[in-house]
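Down below is the structure, laid out as structure tokens.
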Amino acid sequence: ELHAWIVLELQHILTGFDRVKVYKFFAGHHGEVVSEALLPGAQLESCLHRSYPATDVPQRARDLFLINPIRYISDTAAEQVEVACLPGFEASGISLVSCGLRAVHPCHLEYLQNMHVRASFTCAIVVQKKLWGLIACHSSKPTTLPRCVRSDCWHVAQVYCARLSTLLGEQKVERVEQLERVKMTLQAELRPADGKNTTTSQIQDSLRTFAKVVDCQGFAFVTTAHTSTTGMVPDDESIR
């Protein structure tokens, strides 16, 4: 699996990092850890299949990942260093958005510390210019990553993003083709040949297939004479 490949590949490059995980965003901006590699005897616990609210990665942070796709923290407990300026210049007028070693918000540092994380390396997963998710790498001890190692990780992540984009495109085409096949089946059942009536079970079979393709929990097919449902749906009166 593609997600399993990237976490194992980065874990191999990032020697000493306890946990590497793929974090996927959903439509409501909440997320889930869909893949993870954890070192044997790691000091950090597994996060696999855990879900997190949208507030865990605020909109501002998501926007920044599209500008600067890498975030590296060598030590979450280290003291932040102010920007030194020449006489006549002020640090307030300097933007560090594109800086790879810029400090992060104290709230994020506290968040990592509460998870017992001392070092963090994060790569944005960008698909079709949208933030699909994050690759988050965590260590239980302060860890210095040379620029060449960070660069290697980024190049591997780029390969992963390209493969993921291709895979998602193929899945989209396959889903459209499935929907077309189900639509044709429903049309054929609603216009049966030889004057035979379509049975309710036949319609429900098609509805179950349709619901699976569109990834919904329930589906209703309503005609003037009858309502056919499958899965979790309201009562017939509410539907009509």
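By order of appearance in the structure tokens: chains A, B, ..., then residues from 1 within every chain, and ligands from 1 in the order shown.
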* **Which of stretch 22-228 of chain A fall in strand (DSSP E), as number ranges by chain** => A: 22-25, 31-38, 51-52, 70-73, 119-127, 130-139, 218-222, 227-228
Let me see the file: selected residues, N, CA and C atoms, as a CSV table (one decimal), in the first residue's frame.
chain,number,residue,atom,x,y,z
A,22,VAL,N,0.8,9.1,8.4
A,22,VAL,CA,0.1,9.8,7.4
A,22,VAL,C,-1.2,10.2,8.0
A,23,TYR,N,-1.4,11.5,7.9
A,23,TYR,CA,-2.6,12.1,8.5
A,23,TYR,C,-3.5,12.7,7.3
A,24,LYS,N,-4.7,12.2,7.1
A,24,LYS,CA,-5.5,12.6,6.0
A,24,LYS,C,-6.6,13.5,6.5
A,25,PHE,N,-6.8,14.6,5.7
A,25,PHE,CA,-7.9,15.5,5.9
A,25,PHE,C,-9.2,15.1,5.2
A,31,GLY,N,-9.5,15.1,10.6
A,31,GLY,CA,-8.5,14.2,10.1
A,31,GLY,C,-8.4,12.9,10.8
A,32,GLU,N,-7.7,12.0,10.1
A,32,GLU,CA,-7.5,10.6,10.7
A,32,GLU,C,-6.1,10.1,10.3
A,33,VAL,N,-5.5,9.4,11.2
A,33,VAL,CA,-4.2,8.8,10.9
A,33,VAL,C,-4.5,7.5,10.2
A,34,VAL,N,-4.1,7.5,8.9
A,34,VAL,CA,-4.5,6.3,8.0
A,34,VAL,C,-3.3,5.3,7.9
A,35,SER,N,-2.1,5.7,8.3
A,35,SER,CA,-1.0,4.8,8.2
A,35,SER,C,0.1,5.3,9.2
A,36,GLU,N,0.9,4.3,9.7
A,36,GLU,CA,1.8,4.6,10.7
A,36,GLU,C,2.9,3.6,10.8
A,37,ALA,N,4.1,4.1,11.0
A,37,ALA,CA,5.3,3.2,11.3
A,37,ALA,C,5.8,3.6,12.7
A,38,LEU,N,5.9,2.6,13.6
A,38,LEU,CA,6.3,2.9,15.0
A,38,LEU,C,7.5,2.0,15.3
A,51,SER,N,-8.9,9.7,15.2
A,51,SER,CA,-9.5,10.8,14.5
A,51,SER,C,-9.3,12.1,15.3
A,52,TYR,N,-9.1,13.2,14.6
A,52,TYR,CA,-8.9,14.5,15.3
A,52,TYR,C,-9.8,15.6,14.7
A,70,ILE,N,7.2,22.3,4.5
A,70,ILE,CA,8.0,21.6,5.5
A,70,ILE,C,8.0,22.3,6.8
A,71,ARG,N,7.9,21.6,7.9
A,71,ARG,CA,8.0,22.3,9.2
A,71,ARG,C,8.9,21.4,10.1
A,72,TYR,N,9.9,21.9,10.6
A,72,TYR,CA,10.9,21.1,11.4
A,72,TYR,C,11.1,21.8,12.7
A,73,ILE,N,11.0,21.0,13.8
A,73,ILE,CA,11.3,21.5,15.2
A,73,ILE,C,12.3,20.5,15.8
A,119,ALA,N,10.9,16.3,19.2
A,119,ALA,CA,11.3,16.7,17.9
A,119,ALA,C,10.2,16.3,16.9
A,120,SER,N,10.0,17.2,15.9
A,120,SER,CA,9.0,17.0,14.9
A,120,SER,C,9.4,17.4,13.5
A,121,PHE,N,9.0,16.6,12.5
A,121,PHE,CA,9.3,16.9,11.1
A,121,PHE,C,8.1,16.6,10.3
A,122,THR,N,7.5,17.6,9.7
A,122,THR,CA,6.2,17.5,9.0
A,122,THR,C,6.4,17.9,7.5
A,123,CYS,N,5.8,17.1,6.6
A,123,CYS,CA,5.7,17.4,5.2
A,123,CYS,C,4.3,17.5,4.8
A,124,ALA,N,3.9,18.5,4.0
A,124,ALA,CA,2.6,18.6,3.5
A,124,ALA,C,2.4,17.6,2.3
A,125,ILE,N,1.2,17.0,2.3
A,125,ILE,CA,0.8,16.2,1.2
A,125,ILE,C,-0.2,17.0,0.3
A,126,VAL,N,0.4,17.5,-0.8
A,126,VAL,CA,-0.4,18.4,-1.7
A,126,VAL,C,-0.8,17.6,-2.9
A,127,VAL,N,-2.1,17.6,-3.2
A,127,VAL,CA,-2.6,16.9,-4.4
A,127,VAL,C,-3.5,17.9,-5.2
A,130,LYS,N,-4.1,21.2,-3.6
A,130,LYS,CA,-4.9,21.2,-2.3
A,130,LYS,C,-4.2,20.4,-1.3
A,131,LEU,N,-4.4,20.8,0.0
A,131,LEU,CA,-3.7,20.1,1.1
A,131,LEU,C,-4.5,18.8,1.4
A,132,TRP,N,-4.1,17.7,1.0
A,132,TRP,CA,-4.7,16.4,1.2
A,132,TRP,C,-4.5,15.9,2.6
A,133,GLY,N,-3.3,16.1,3.1
A,133,GLY,CA,-3.0,15.6,4.4
A,133,GLY,C,-1.6,16.0,4.8
A,134,LEU,N,-1.0,15.4,5.8
A,134,LEU,CA,0.3,15.7,6.3
A,134,LEU,C,1.0,14.4,6.6
A,135,ILE,N,2.4,14.4,6.4
A,135,ILE,CA,3.2,13.3,6.9
A,135,ILE,C,3.9,13.9,8.2
A,136,ALA,N,3.6,13.3,9.3
A,136,ALA,CA,4.1,13.8,10.6
A,136,ALA,C,5.1,12.8,11.2
A,137,CYS,N,6.3,13.3,11.5
A,137,CYS,CA,7.4,12.4,12.1
A,137,CYS,C,7.7,12.9,13.5
A,138,HIS,N,7.7,12.1,14.5
A,138,HIS,CA,7.9,12.5,15.8
A,138,HIS,C,9.0,11.7,16.5
A,139,SER,N,9.7,12.4,17.4
A,139,SER,CA,10.8,11.8,18.2
A,139,SER,C,10.6,12.1,19.6
A,218,GLY,N,-27.1,5.6,3.7
A,218,GLY,CA,-28.5,5.2,3.4
A,218,GLY,C,-28.9,5.8,2.0
A,219,PHE,N,-29.9,5.2,1.4
A,219,PHE,CA,-30.3,5.7,0.1
A,219,PHE,C,-31.8,5.4,-0.1
A,220,ALA,N,-32.5,6.3,-0.7
A,220,ALA,CA,-33.9,6.1,-1.0
A,220,ALA,C,-34.3,6.4,-2.4
A,221,PHE,N,-35.1,5.5,-3.0
A,221,PHE,CA,-35.6,5.7,-4.4
A,221,PHE,C,-37.1,5.9,-4.3
A,222,VAL,N,-37.6,7.0,-4.7
A,222,VAL,CA,-39.0,7.4,-4.5
A,222,VAL,C,-39.7,7.5,-5.9
A,227,THR,N,-41.8,3.7,-2.3
A,227,THR,CA,-40.5,4.2,-1.8
A,227,THR,C,-39.7,3.0,-1.4
A,228,SER,N,-38.5,2.9,-2.1
A,228,SER,CA,-37.6,1.8,-1.7
A,228,SER,C,-36.3,2.4,-1.1
* **Every residue of stretch 64-196 of chain A that DSSP places in alpha helix (DSSP H), as a ChimeraX atom specification** => /A:64-67,106-114,147-190
Output C-alpha atoms for every residue in that selection, as a compact mmCIF listing (two decimals), in the first residue's frame.
# COMPACT_ATOMS: atom_id res chain seq x y z
CA LEU A 64 0.93 28.02 5.57
CA PHE A 65 1.62 24.42 4.56
CA LEU A 66 0.70 25.33 0.97
CA ILE A 67 3.31 28.11 1.06
CA PRO A 106 3.57 28.30 21.47
CA CYS A 107 0.20 26.49 21.38
CA HIS A 108 1.62 23.98 18.91
CA LEU A 109 4.69 23.42 21.05
CA GLU A 110 2.47 22.78 24.06
CA TYR A 111 0.36 20.39 21.98
CA LEU A 112 3.46 18.38 21.01
CA GLN A 113 4.82 18.40 24.55
CA ASN A 114 1.52 17.02 25.85
CA ARG A 147 19.61 19.99 5.63
CA CYS A 148 20.56 17.08 3.34
CA VAL A 149 18.35 14.68 5.34
CA ARG A 150 15.41 17.10 5.28
CA SER A 151 15.92 17.46 1.52
CA ASP A 152 15.94 13.67 1.02
CA CYS A 153 12.70 13.36 2.96
CA TRP A 154 11.08 16.08 0.89
CA HIS A 155 12.08 14.44 -2.41
CA VAL A 156 10.67 11.09 -1.26
CA ALA A 157 7.48 12.84 -0.14
CA GLN A 158 7.18 14.42 -3.60
CA VAL A 159 7.31 10.98 -5.21
CA TYR A 160 4.60 9.84 -2.82
CA CYS A 161 2.41 12.87 -3.66
CA ALA A 162 2.76 12.19 -7.39
CA ARG A 163 1.78 8.54 -6.96
CA LEU A 164 -1.11 9.48 -4.69
CA SER A 165 -2.40 12.01 -7.21
CA THR A 166 -2.36 9.35 -9.94
CA LEU A 167 -4.08 6.82 -7.68
CA LEU A 168 -6.83 9.25 -6.64
CA GLY A 169 -7.39 10.16 -10.29
CA GLU A 170 -7.78 6.50 -11.22
CA GLN A 171 -10.20 5.94 -8.33
CA LYS A 172 -12.27 8.92 -9.45
CA VAL A 173 -12.55 7.55 -13.00
CA GLU A 174 -13.46 4.11 -11.64
CA ARG A 175 -16.17 5.60 -9.41
CA VAL A 176 -17.70 7.52 -12.33
CA GLU A 177 -17.76 4.32 -14.39
CA GLN A 178 -19.38 2.43 -11.51
CA LEU A 179 -22.04 5.11 -11.13
CA GLU A 180 -22.78 4.93 -14.85
CA ARG A 181 -23.18 1.14 -14.68
CA VAL A 182 -25.52 1.37 -11.69
CA LYS A 183 -27.54 4.11 -13.40
CA MET A 184 -27.96 1.95 -16.50
CA THR A 185 -29.01 -1.01 -14.33
CA LEU A 186 -31.64 1.09 -12.53
CA GLN A 187 -32.96 2.43 -15.82
CA ALA A 188 -33.26 -1.08 -17.22
CA GLU A 189 -35.10 -2.29 -14.10
CA LEU A 190 -37.50 0.64 -14.17
* Asked: So which one's closest to A:Ser46, A:Met115, A:Ala103, A:Gly28, A:Phe210? Using only C-alpha atoms, please.
  -> A:Met115
* Asked: atom CA of A:Val81 and atom CA of A:His105, how far apart in Å?
  -> 13.0 Å
* atom CA of A:Leu2 to atom CA of A:Asp18, distance in Å rounded to a single decimal -> 20.2 Å
* Atom pair atom CA of A:Asp215 / atom CA of A:Asp235: separation (Å) -> 20.6 Å
* To do: Rank A:Pro40, A:Val7, A:Pro69, A:Leu145 by their smallest atom-to-atom distance to A:Lys129, using only C-alpha atoms, and report the top residue only.
  =>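 Of A:Pro40, A:Val7, A:Pro69, A:Leu145, the one nearest A:Lys129 is A:Pro69, counting only C-alpha atoms.
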